[in-house]
$ cat start.cif   # mmCIF, C-alpha atoms
data_target
#
loop_
_atom_site.label_atom_id
_atom_site.label_comp_id
_atom_site.auth_asym_id
_atom_site.auth_seq_id
_atom_site.Cartn_x
_atom_site.Cartn_y
_atom_site.Cartn_z
CA MET H 1 5.80 2.64 -6.49
CA ILE H 2 3.77 4.76 -8.88
CA ILE H 3 0.02 4.17 -9.19
CA GLY H 4 -1.05 5.25 -12.66
CA ALA H 5 0.95 5.81 -15.82
CA GLY H 6 -0.83 8.80 -17.28
CA ALA H 7 0.52 12.36 -17.33
CA LEU H 8 1.82 12.38 -13.75
CA GLY H 9 2.97 8.74 -13.79
CA THR H 10 5.01 9.01 -16.97
CA GLY H 11 6.59 12.27 -15.83
CA SER H 12 7.50 11.07 -12.36
CA ALA H 13 8.78 7.72 -13.64
CA GLU H 14 11.04 9.44 -16.17
CA MET H 15 12.49 11.80 -13.56
CA LEU H 16 13.16 9.00 -11.08
CA VAL H 17 14.58 6.59 -13.63
CA ARG H 18 16.91 9.28 -15.00
CA ALA H 19 17.93 10.00 -11.40
CA GLY H 20 18.98 6.35 -11.10
CA ILE H 21 16.45 5.12 -8.56
CA GLY H 22 17.16 1.47 -7.71
CA LYS H 23 13.79 -0.11 -8.33
CA ILE H 24 10.48 1.27 -9.48
CA THR H 25 7.06 -0.37 -9.76
CA ILE H 26 4.38 1.10 -11.99
CA ALA H 27 0.80 -0.11 -12.32
CA ASP H 28 -1.80 1.04 -14.83
CA ARG H 29 -4.94 -0.54 -16.35
CA ASP H 30 -5.21 1.54 -19.51
CA TYR H 31 -3.76 1.54 -23.03
CA VAL H 32 -2.20 4.44 -24.96
CA GLU H 33 -4.66 6.64 -26.87
CA TRP H 34 -4.04 9.51 -29.26
CA SER H 35 -5.37 12.12 -26.83
CA ASN H 36 -2.72 11.05 -24.28
CA LEU H 37 0.23 12.18 -26.43
CA GLN H 38 -0.21 15.88 -25.64
CA ARG H 39 1.05 15.29 -22.08
CA GLN H 40 1.99 11.67 -21.37
CA GLN H 41 5.65 11.93 -22.13
CA LEU H 42 6.76 8.31 -22.48
CA TYR H 43 4.39 7.40 -25.33
CA THR H 44 4.49 7.63 -29.11
CA GLU H 45 2.09 7.71 -32.05
CA GLU H 46 2.94 4.12 -32.89
CA GLU H 47 1.84 2.98 -29.41
CA ALA H 48 -1.42 4.91 -29.69
CA GLU H 49 -2.02 3.38 -33.12
CA GLN H 50 -1.48 -0.13 -31.71
CA ARG H 51 -3.23 0.55 -28.37
CA ILE H 52 -0.27 -0.75 -26.39
CA PRO H 53 -0.96 -0.98 -22.62
CA LYS H 54 0.59 2.01 -20.90
CA ALA H 55 2.54 -0.14 -18.43
CA VAL H 56 4.16 -2.03 -21.33
CA ALA H 57 4.97 1.11 -23.33
CA ALA H 58 6.31 2.85 -20.21
CA LYS H 59 8.62 -0.01 -19.37
CA LYS H 60 10.05 -0.09 -22.90
CA ARG H 61 10.83 3.64 -22.91
CA LEU H 62 12.14 3.72 -19.31
CA THR H 63 14.46 0.78 -19.95
CA ALA H 64 15.82 2.56 -23.03
CA ILE H 65 16.47 5.64 -20.85
CA ASN H 66 18.31 3.85 -18.04
CA SER H 67 18.87 0.11 -18.29
CA GLU H 68 20.39 -0.08 -14.81
CA VAL H 69 17.11 0.63 -13.03
CA GLU H 70 14.92 -2.33 -12.16
CA ILE H 71 11.53 -1.49 -13.64
CA CYS H 72 8.46 -3.57 -12.76
CA CYS H 73 5.41 -2.65 -14.76
CA HIS H 74 1.98 -4.18 -14.25
CA VAL H 75 -0.96 -3.98 -16.65
CA MET H 76 -3.40 -4.10 -13.80
CA ASP H 77 -6.61 -2.63 -12.46
CA VAL H 78 -5.32 -1.85 -8.97
CA SER H 79 -7.74 -2.27 -6.11
CA VAL H 80 -7.28 -3.36 -2.51
CA GLU H 81 -6.08 -6.90 -3.17
CA GLU H 82 -3.55 -5.86 -5.79
CA MET H 83 -2.33 -3.01 -3.62
CA GLU H 84 -1.73 -5.33 -0.66
CA ARG H 85 0.45 -7.46 -2.93
CA LEU H 86 2.33 -4.65 -4.67
CA VAL H 87 3.18 -2.67 -1.56
CA GLU H 88 5.61 -5.20 -0.09
CA GLY H 89 9.07 -3.66 0.27
CA VAL H 90 7.95 -0.27 -1.10
CA ASP H 91 9.56 2.88 0.42
CA LEU H 92 7.23 5.47 -1.07
CA ILE H 93 3.96 5.54 -3.01
CA LEU H 94 3.43 8.22 -5.64
CA ASP H 95 -0.13 9.02 -6.59
CA ALA H 96 -0.48 9.42 -10.33
CA SER H 97 -4.04 8.18 -10.51
CA ASP H 98 -7.09 9.93 -11.88
CA ASN H 99 -9.68 9.24 -9.21
CA PHE H 100 -10.39 9.39 -5.48
CA ASP H 101 -11.52 5.75 -5.17
CA ILE H 102 -7.97 4.56 -5.62
CA ARG H 103 -6.50 7.46 -3.64
CA MET H 104 -8.54 6.51 -0.57
CA ILE H 105 -7.23 2.95 -0.92
CA ILE H 106 -3.64 4.23 -1.26
CA ASN H 107 -4.25 6.37 1.82
CA ASP H 108 -5.40 3.44 3.98
CA ILE H 109 -2.61 1.16 2.70
CA SER H 110 -0.09 3.89 3.49
CA GLN H 111 -1.38 4.13 7.06
CA LYS H 112 -1.62 0.36 7.52
CA TYR H 113 1.97 -0.29 6.41
CA GLN H 114 3.43 3.08 7.53
CA ILE H 115 4.59 4.01 4.03
CA PRO H 116 4.63 7.70 3.04
CA TRP H 117 2.72 8.75 -0.07
CA ILE H 118 2.36 11.92 -2.09
CA TYR H 119 -1.09 13.01 -3.29
CA SER H 120 -0.90 14.91 -6.55
CA ALA H 121 -3.48 15.92 -9.11
CA CYS H 122 -4.08 18.42 -11.86
CA VAL H 123 -6.78 19.54 -14.26
CA GLY H 124 -6.96 22.51 -16.63
CA SER H 125 -4.22 24.83 -15.43
CA TYR H 126 -4.69 23.90 -11.78
CA GLY H 127 -2.58 21.55 -9.69
CA ILE H 128 -2.35 20.39 -6.10
CA SER H 129 0.02 18.24 -4.05
CA TYR H 130 0.46 17.12 -0.45
CA THR H 131 2.94 14.77 1.18
CA ILE H 132 1.40 12.37 3.68
CA LEU H 133 3.64 10.88 6.37
CA PRO H 134 1.92 8.24 8.53
CA GLY H 135 2.11 9.12 12.22
CA GLU H 136 3.04 12.74 11.48
CA THR H 137 0.83 14.62 9.04
CA PRO H 138 -2.94 14.51 8.55
CA CYS H 139 -3.95 11.83 6.04
CA LEU H 140 -6.13 12.30 2.97
CA ASN H 141 -9.19 11.12 4.89
CA CYS H 142 -8.58 13.86 7.52
CA LEU H 143 -8.40 16.44 4.74
CA LEU H 144 -11.37 15.28 2.70
CA GLU H 145 -13.64 13.55 5.26
CA LYS H 146 -15.58 12.08 2.34
CA VAL H 147 -14.77 11.03 -1.19
CA PRO H 148 -15.33 14.08 -3.40
CA MET H 149 -17.87 13.52 -6.10
CA GLY H 150 -16.18 13.93 -9.46
CA GLY H 151 -16.86 16.87 -11.65
CA ILE H 152 -14.18 18.19 -13.87
CA THR H 153 -11.59 15.83 -15.34
CA CYS H 154 -8.72 16.14 -17.82
CA ASP H 155 -11.06 14.73 -20.47
CA THR H 156 -13.94 17.10 -19.81
CA VAL H 157 -12.09 20.41 -19.32
CA GLY H 158 -8.63 19.51 -20.64
CA ILE H 159 -5.22 19.91 -19.07
CA ILE H 160 -2.21 21.93 -20.10
CA SER H 161 1.15 20.26 -19.93
CA PRO H 162 2.84 22.98 -17.81
CA ALA H 163 0.32 22.25 -15.02
CA VAL H 164 1.41 18.60 -15.14
CA GLN H 165 5.09 19.54 -15.02
CA MET H 166 4.57 21.96 -12.14
CA VAL H 167 2.80 19.33 -10.01
CA LEU H 168 5.55 16.88 -10.91
CA SER H 169 8.23 19.31 -9.74
CA PHE H 170 6.54 19.57 -6.36
CA GLN H 171 5.88 15.85 -6.11
CA ILE H 172 9.29 14.60 -7.18
CA SER H 173 11.25 17.14 -5.10
CA GLU H 174 9.42 15.76 -2.08
CA ALA H 175 9.96 12.18 -3.29
CA LEU H 176 13.72 12.76 -3.54
CA LYS H 177 13.81 14.20 -0.01
CA ILE H 178 12.03 11.13 1.34
CA LEU H 179 14.19 8.71 -0.63
CA VAL H 180 17.47 10.28 0.58
CA GLU H 181 15.99 10.47 4.10
CA ASP H 182 16.15 14.22 4.44
CA ARG H 183 12.76 14.69 6.08
CA LEU H 184 13.76 17.99 7.67
CA HIS H 185 13.48 19.65 4.30
CA LEU H 186 10.00 18.38 3.46
CA ARG H 187 7.57 21.15 2.58
CA ASN H 188 4.91 20.18 5.13
CA LYS H 189 2.28 22.27 3.36
CA LEU H 190 -0.64 21.68 1.04
CA ILE H 191 0.33 23.39 -2.18
CA SER H 192 -1.95 24.43 -5.00
CA PHE H 193 -1.64 26.71 -8.00
CA ASP H 194 -3.39 27.90 -11.10
CA LEU H 195 -0.95 28.76 -13.85
CA TRP H 196 -3.57 30.50 -15.99
CA GLU H 197 -5.01 32.62 -13.18
CA ASN H 198 -1.53 33.26 -11.70
CA HIS H 199 -2.41 31.96 -8.26
CA GLN H 200 -0.37 29.96 -5.86
CA SER H 201 -1.13 29.01 -2.32
CA SER H 202 0.71 27.03 0.27
CA ILE H 203 -1.00 26.29 3.57
CA ASN H 204 -0.17 24.40 6.70
CA VAL H 205 -2.92 21.87 7.36
CA ASP H 206 -1.48 20.20 10.50
CA LYS H 207 -4.48 21.38 12.50
CA ILE H 208 -6.80 19.27 10.37
CA LYS H 209 -5.36 15.98 11.65
CA ARG H 210 -8.25 14.22 13.38
CA GLU H 211 -7.78 12.00 16.41
CA ASP H 212 -10.95 10.13 15.47
CA CYS H 213 -9.99 9.65 11.81
CA PRO H 214 -10.89 6.06 10.80
CA SER H 215 -7.80 5.88 8.57
CA CYS H 216 -5.06 7.35 10.78
CA GLY H 217 -6.62 7.98 14.21
CA ALA H 218 -6.24 6.10 17.47
CA GLU H 219 -9.00 3.63 16.70
CA ARG H 220 -8.60 3.01 13.03
CA SER H 221 -10.54 0.64 10.80
CA TYR H 222 -9.02 1.43 7.38
CA PRO H 223 -12.52 1.84 5.93
CA TYR H 224 -11.42 1.96 2.29
CA LEU H 225 -9.80 -1.47 2.48
CA SER H 226 -13.15 -3.09 3.25
CA PHE H 227 -15.39 -4.41 0.51
CA SER H 228 -18.42 -2.34 1.49
CA ASN H 229 -16.62 0.94 0.78
CA GLN H 230 -15.45 0.00 -2.68
CA THR H 231 -16.98 0.97 -5.97
CA LYS H 232 -18.75 -2.11 -7.35
CA THR H 233 -18.65 -3.29 -10.93
CA ALA H 234 -20.58 -5.99 -12.77
CA VAL H 235 -20.66 -7.19 -16.36
CA LEU H 236 -24.28 -7.35 -17.48
CA CYS H 237 -24.75 -10.67 -19.21
CA GLY H 238 -25.28 -10.61 -22.94
CA ARG H 239 -25.57 -6.85 -23.12
CA ASP H 240 -21.98 -5.83 -23.81
CA THR H 241 -22.37 -3.52 -20.83
CA VAL H 242 -20.67 -2.95 -17.49
CA GLN H 243 -22.48 -1.42 -14.52
CA ILE H 244 -20.50 0.66 -12.03
CA ARG H 245 -22.07 1.45 -8.70
CA PRO H 246 -20.55 3.82 -6.10
CA SER H 247 -20.13 2.36 -2.61
CA GLN H 248 -22.77 4.73 -1.22
CA PRO H 249 -25.80 6.01 -3.13
CA ILE H 250 -25.15 9.57 -4.24
CA ASP H 251 -27.44 12.25 -5.54
CA ARG H 252 -25.78 13.26 -8.77
CA ASP H 253 -26.45 16.76 -10.05
CA LEU H 254 -27.35 15.83 -13.62
CA GLU H 255 -27.79 19.42 -14.72
CA SER H 256 -24.21 20.49 -13.90
CA LEU H 257 -22.88 17.25 -15.31
CA ASP H 258 -24.82 17.92 -18.52
CA LYS H 259 -23.21 21.37 -18.75
CA ALA H 260 -19.70 20.06 -18.14
CA LEU H 261 -19.96 17.15 -20.54
CA SER H 262 -21.78 18.87 -23.39
CA ARG H 263 -19.04 21.51 -23.62
CA GLN H 264 -16.55 18.82 -24.50
CA LEU H 265 -18.54 15.99 -26.01
CA GLY H 266 -21.36 17.61 -27.91
CA LYS H 267 -24.70 15.93 -27.62
CA VAL H 268 -25.73 14.84 -24.15
CA SER H 269 -29.32 13.76 -23.59
CA ARG H 270 -31.00 13.99 -20.25
CA ASN H 271 -34.28 13.32 -18.51
CA PRO H 272 -35.04 13.76 -14.79
CA TYR H 273 -33.67 10.30 -13.97
CA LEU H 274 -30.62 9.82 -16.14
CA LEU H 275 -28.20 11.36 -18.56
CA SER H 276 -26.56 9.66 -21.52
CA PHE H 277 -23.84 10.44 -24.02
CA SER H 278 -21.75 8.60 -26.59
CA THR H 279 -18.07 8.55 -27.35
CA ALA H 280 -16.67 7.03 -30.55
CA GLU H 281 -17.14 3.46 -29.32
CA HIS H 282 -19.14 3.56 -26.11
CA ARG H 283 -22.29 4.97 -24.62
CA LEU H 284 -22.43 6.00 -20.98
CA VAL H 285 -25.70 6.26 -19.04
CA ILE H 286 -25.51 8.00 -15.69
CA PHE H 287 -28.35 7.61 -13.21
CA LYS H 288 -29.26 10.15 -10.57
CA ASP H 289 -28.41 7.64 -7.79
CA GLY H 290 -24.83 7.49 -9.05
CA ARG H 291 -24.99 4.20 -11.01
CA VAL H 292 -23.41 4.24 -14.44
CA LEU H 293 -23.92 1.83 -17.32
CA ILE H 294 -21.13 1.64 -19.85
CA HIS H 295 -22.37 0.13 -23.10
CA GLY H 296 -20.01 -1.24 -25.71
CA THR H 297 -17.60 -3.15 -23.47
CA LYS H 298 -17.44 -6.31 -21.37
CA SER H 299 -14.13 -5.31 -19.85
CA ILE H 300 -14.27 -4.02 -16.27
CA PRO H 301 -10.89 -2.22 -16.43
CA GLU H 302 -11.94 -0.48 -19.65
CA ALA H 303 -15.29 0.48 -18.12
CA LYS H 304 -13.64 1.86 -14.96
CA SER H 305 -11.22 3.76 -17.07
CA LEU H 306 -14.07 5.46 -19.01
CA TYR H 307 -16.00 6.08 -15.79
CA HIS H 308 -13.14 7.98 -14.16
CA ARG H 309 -12.17 9.72 -17.38
CA TYR H 310 -15.56 11.43 -17.70
CA LEU H 311 -16.85 11.49 -14.14
CA GLY H 312 -13.70 11.95 -12.08
CA MET A 1 -16.58 44.26 0.89
CA ILE A 2 -13.06 43.82 -0.47
CA LEU A 3 -11.25 40.56 0.28
CA THR A 4 -7.94 39.16 -0.80
CA VAL A 5 -8.71 35.71 -2.18
CA ASN A 6 -5.75 33.56 -3.25
CA GLY A 7 -3.66 36.71 -3.55
CA ASP A 8 -6.12 38.74 -5.65
CA GLN A 9 -8.31 41.58 -4.47
CA VAL A 10 -11.92 40.59 -4.97
CA GLU A 11 -15.10 42.52 -4.28
CA VAL A 12 -17.92 40.42 -2.88
CA PRO A 13 -21.48 41.58 -2.17
CA ASN A 14 -22.21 42.53 1.44
CA THR A 15 -24.82 39.79 1.57
CA VAL A 16 -21.92 37.33 1.78
CA LYS A 17 -21.28 37.20 5.52
CA THR A 18 -19.77 33.82 6.33
CA ILE A 19 -17.18 31.45 4.90
CA ALA A 20 -19.97 29.06 3.87
CA GLU A 21 -21.68 31.87 1.95
CA LEU A 22 -18.38 32.83 0.36
CA LEU A 23 -17.92 29.26 -0.90
CA GLN A 24 -21.42 29.40 -2.31
CA HIS A 25 -20.61 32.73 -3.95
CA PHE A 26 -17.64 31.14 -5.73
CA GLU A 27 -19.73 28.02 -6.52
CA LEU A 28 -17.37 25.88 -4.47
CA ASN A 29 -20.02 24.73 -1.99
CA ASN A 30 -20.29 21.25 -3.52
CA LYS A 31 -16.55 20.72 -3.60
CA VAL A 32 -14.13 19.66 -0.92
CA VAL A 33 -12.36 22.91 -0.06
CA ILE A 34 -9.74 23.76 2.54
CA VAL A 35 -10.14 27.33 3.78
CA GLU A 36 -7.55 29.51 5.44
CA LYS A 37 -8.58 32.89 6.84
CA ASN A 38 -5.89 35.38 7.82
CA ALA A 39 -3.29 32.59 7.92
CA GLU A 40 -5.45 30.42 10.15
CA ILE A 41 -6.92 27.20 8.85
CA LEU A 42 -10.63 26.62 9.46
CA GLU A 43 -12.17 23.26 10.21
CA LYS A 44 -15.12 22.38 8.01
CA GLU A 45 -17.59 22.56 10.92
CA LYS A 46 -16.69 26.22 11.38
CA HIS A 47 -17.42 27.37 7.81
CA ALA A 48 -21.05 28.24 8.55
CA GLU A 49 -20.35 30.23 11.71
CA THR A 50 -17.13 32.02 10.72
CA LEU A 51 -17.81 35.62 9.74
CA ILE A 52 -15.77 37.43 7.13
CA SER A 53 -15.02 41.10 7.09
CA ASP A 54 -13.42 43.71 4.87
CA LYS A 55 -9.71 43.18 4.06
CA ASP A 56 -9.68 39.54 5.22
CA LYS A 57 -7.10 37.41 3.48
CA ILE A 58 -8.66 34.13 2.35
CA GLU A 59 -6.98 31.13 0.76
CA LEU A 60 -9.22 28.56 -0.89
CA VAL A 61 -7.78 25.22 -1.97
CA HIS A 62 -10.02 22.73 -3.73
CA PHE A 63 -9.21 19.11 -4.40
CA VAL A 64 -9.18 17.77 -7.94
CA GLY A 65 -8.79 14.23 -9.20
CA GLY A 66 -7.05 14.37 -12.60
CA GLY A 67 -3.60 13.05 -13.20
#

$ encode --input "start.cif" --output "structure tokens"
Amino acid sequence: MIIGAGALGTGSAEMLVRAGIGKITIADRDYVEWSNLQRQQLYTEEEAEQRIPKAVAAKKRLTAINSEVEICCHVMDVSVEEMERLVEGVDLILDASDNFDIRMIINDISQKYQIPWIYSACVGSYGISYTILPGETPCLNCLLEKVPMGGITCDTVGIISPAVQMVLSFQISEALKILVEDRLHLRNKLISFDLWENHQSSINVDKIKREDCPSCGAERSYPYLSFSNQTKTAVLCGRDTVQIRPSQPIDRDLESLDKALSRQLGKVSRNPYLLSFSTAEHRLVIFKDGRVLIHGTKSIPEAKSLYHRYLG
Amino acid sequence: MILTVNGDQVEVPNTVKTIAELLQHFELNNKVVIVEKNAEILEKEKHAETLISDKDKIELVHFVGGG
């Protein structure tokens, strides 16, 4: 199962479908946009023009590539409930998402149902990947301890396609090893690289596994599957606005955010309490306590999509 | 002080004495970073107390969210 059908999701789906995987499930909430075409390899100009949902466009192209593979695509904003449903019978979860909210949910689901998953991400010329095996390796919660506050995203600093392909090579090599049950050859290291700076590092993080981890430790509670730890959304009546509120209040550094966003988006206005900026069709207002108002939409999936696109 | 950081030789001011200060120096202090010093991984709680010295080999891996 692949969560997300952006750059990583389209690339991994194409590799696995060409390899003749038996069944693949892909879930994504977004539609194809022009800016996606630089790296999201299953989509075309026509689909961007018509704003076709990514899951629909991906299924069409993947079926044309290999009609023998069973391809289940869901236009869906995946959260805990959806994940519980989708995960039945799944052998491996590939992370192709663009935010840590969903990754922490994937991580807890993986531990709860003992399904391996592969964390992968990239931005700019940088990429990172780690294979998580329940009961063996540390989990994402051991590694992170808290959900990282966003910062740079593919839409604020860009992404070069070779970084996507490099992460995919690491992720799918590991996926193939798991799927053919050759676990002896798994990398067992956290890998990261920067193709522009010519860095690569590969480190063993076994020592970071925590006995008291609430996701994979002895007394686990799967914190990210509970309602109180989820990001909350609400449509504000009559205002064509969606409010997104992080699970815990955060102290957002508006000054750095201003710097990051104004490089890419031009005019960003800011006062000590909030920051706001406009895209072609929407206006985002970000409060210091972490709340975000997205004006110009009543759709929660669309609002979440914009939230993660600009704030990580 | 000369360190090898992610494979490159880097000079850092002598005022940088600990791993936590090194992360601050590279403006990584607000990010989630995994640190390895001389092939040994360091738990987060040890960043503030772990001293660095000349010729140390440091690997810094930060987590990103894009995809």

$ residues_around --input "start.cif" --residues "stretch 228-235 of chain H" --least-positions-apart "5" --cutoff "6 Å" --atoms "only C-alpha atoms" --output "PyMOL selection string"
chain H and resi 242-247

$ interface_residues --input "start.cif" --of "chain A" --to "chain H" --cutoff "10 Å" --atoms "only C-alpha atoms" --output "PyMOL selection string"
chain A and resi 5-8+30-36+39-44+59-67

$ atom_distance --input "start.cif" --atom1 "atom CA of H:Glu211" --atom2 "atom CA of H:Pro138"
9.6 Å

$ resolve_selection --input "start.cif" --expression "the PyMOL selection byres ((chain H and resi 30) around 12)" --output "compact mmCIF listing (two decimals) with C-alpha atoms, in the coordinates of the input"
# COMPACT_ATOMS: atom_id res chain seq x y z
CA ILE H 3 0.02 4.17 -9.19
CA GLY H 4 -1.05 5.25 -12.66
CA ALA H 5 0.95 5.81 -15.82
CA GLY H 6 -0.83 8.80 -17.28
CA ALA H 27 0.80 -0.11 -12.32
CA ASP H 28 -1.80 1.04 -14.83
CA ARG H 29 -4.94 -0.54 -16.35
CA TYR H 31 -3.76 1.54 -23.03
CA VAL H 32 -2.20 4.44 -24.96
CA GLU H 33 -4.66 6.64 -26.87
CA ASN H 36 -2.72 11.05 -24.28
CA ALA H 48 -1.42 4.91 -29.69
CA ARG H 51 -3.23 0.55 -28.37
CA ILE H 52 -0.27 -0.75 -26.39
CA PRO H 53 -0.96 -0.98 -22.62
CA LYS H 54 0.59 2.01 -20.90
CA ALA H 55 2.54 -0.14 -18.43
CA VAL H 56 4.16 -2.03 -21.33
CA ALA H 57 4.97 1.11 -23.33
CA ALA H 58 6.31 2.85 -20.21
CA HIS H 74 1.98 -4.18 -14.25
CA VAL H 75 -0.96 -3.98 -16.65
CA MET H 76 -3.40 -4.10 -13.80
CA ASP H 77 -6.61 -2.63 -12.46
CA VAL H 78 -5.32 -1.85 -8.97
CA SER H 97 -4.04 8.18 -10.51
CA ASP H 98 -7.09 9.93 -11.88
CA SER H 299 -14.13 -5.31 -19.85
CA ILE H 300 -14.27 -4.02 -16.27
CA PRO H 301 -10.89 -2.22 -16.43
CA GLU H 302 -11.94 -0.48 -19.65
CA ALA H 303 -15.29 0.48 -18.12
CA LYS H 304 -13.64 1.86 -14.96
CA SER H 305 -11.22 3.76 -17.07
CA LEU H 306 -14.07 5.46 -19.01
CA HIS H 308 -13.14 7.98 -14.16
CA ARG H 309 -12.17 9.72 -17.38

$ resolve_selection --input "start.cif" --expression "the PyMOL selection byres ((chain H and resi 108) around 7)" --output "PyMOL selection string"
chain H and resi 104-107+109-112+215+222+224-225

$ resolve_selection --input "start.cif" --expression "the PyMOL selection byres ((chain H and resi 114) around 12)" --output "list in words"
Val87, Glu88, Gly89, Val90, Asp91, Leu92, Ile93, Ile106, Asn107, Asp108, Ile109, Ser110, Gln111, Lys112, Tyr113, Ile115, Pro116, Trp117, Ile132, Leu133, Pro134, Gly135, Glu136, Thr137, Cys139, Ser215 and Cys216 of chain H

$ residues_around --input "start.cif" --residues "A:Asn38" --least-positions-apart "4" --cutoff "9 Å" --atoms "only C-alpha atoms" --output "list in words"
Asp56, Lys57, Ile58 and Glu59 of chain A

$ closest_residue --input "start.cif" --among "H:Ser173, H:Ser161, H:Leu236, H:Leu275" --to "H:Trp196" --atoms "all atoms listed in the file"
H:Ser161

$ decode --input "start.cif" --residues "stretch 196-234 of chain H" --atoms "C-alpha atoms" --output "short mmCIF file (atom, residue, chain, number, x, y, z; two decimals), in the first residue's frame"
data_model
loop_
_atom_site.label_atom_id
_atom_site.label_comp_id
_atom_site.auth_asym_id
_atom_site.auth_seq_id
_atom_site.Cartn_x
_atom_site.Cartn_y
_atom_site.Cartn_z
CA TRP H 196 23.80 19.16 -4.59
CA GLU H 197 26.22 19.24 -1.66
CA ASN H 198 27.62 15.79 -2.55
CA HIS H 199 26.93 14.29 0.86
CA GLN H 200 25.76 10.87 1.78
CA SER H 201 25.45 9.30 5.17
CA SER H 202 24.31 5.95 6.36
CA ILE H 203 24.02 5.32 10.09
CA ASN H 204 22.93 2.50 12.29
CA VAL H 205 20.23 3.76 14.65
CA ASP H 206 19.44 0.49 16.49
CA LYS H 207 20.58 2.06 19.75
CA ILE H 208 17.78 4.61 19.56
CA LYS H 209 15.04 1.98 20.03
CA ARG H 210 13.28 2.94 23.26
CA GLU H 211 11.81 0.39 25.63
CA ASP H 212 9.37 3.01 26.88
CA CYS H 213 8.29 4.15 23.40
CA PRO H 214 4.48 4.61 23.41
CA SER H 215 4.29 3.33 19.82
CA CYS H 216 6.54 0.25 19.89
CA GLY H 217 7.63 -0.25 23.52
CA ALA H 218 6.52 -2.79 26.10
CA GLU H 219 3.58 -0.72 27.29
CA ARG H 220 2.29 0.84 24.14
CA SER H 221 -0.72 3.08 23.67
CA TYR H 222 -0.44 3.93 19.94
CA PRO H 223 -0.82 7.64 20.77
CA TYR H 224 -1.28 8.79 17.19
CA LEU H 225 -4.34 6.60 16.68
CA SER H 226 -6.22 8.49 19.39
CA PHE H 227 -8.36 11.50 18.59
CA SER H 228 -6.58 13.85 20.97
CA ASN H 229 -3.30 13.56 19.07
CA GLN H 230 -4.74 14.32 15.67
CA THR H 231 -4.68 17.59 13.83
CA LYS H 232 -8.19 19.06 13.99
CA THR H 233 -10.04 20.68 11.14
CA ALA H 234 -13.30 22.62 11.01
#
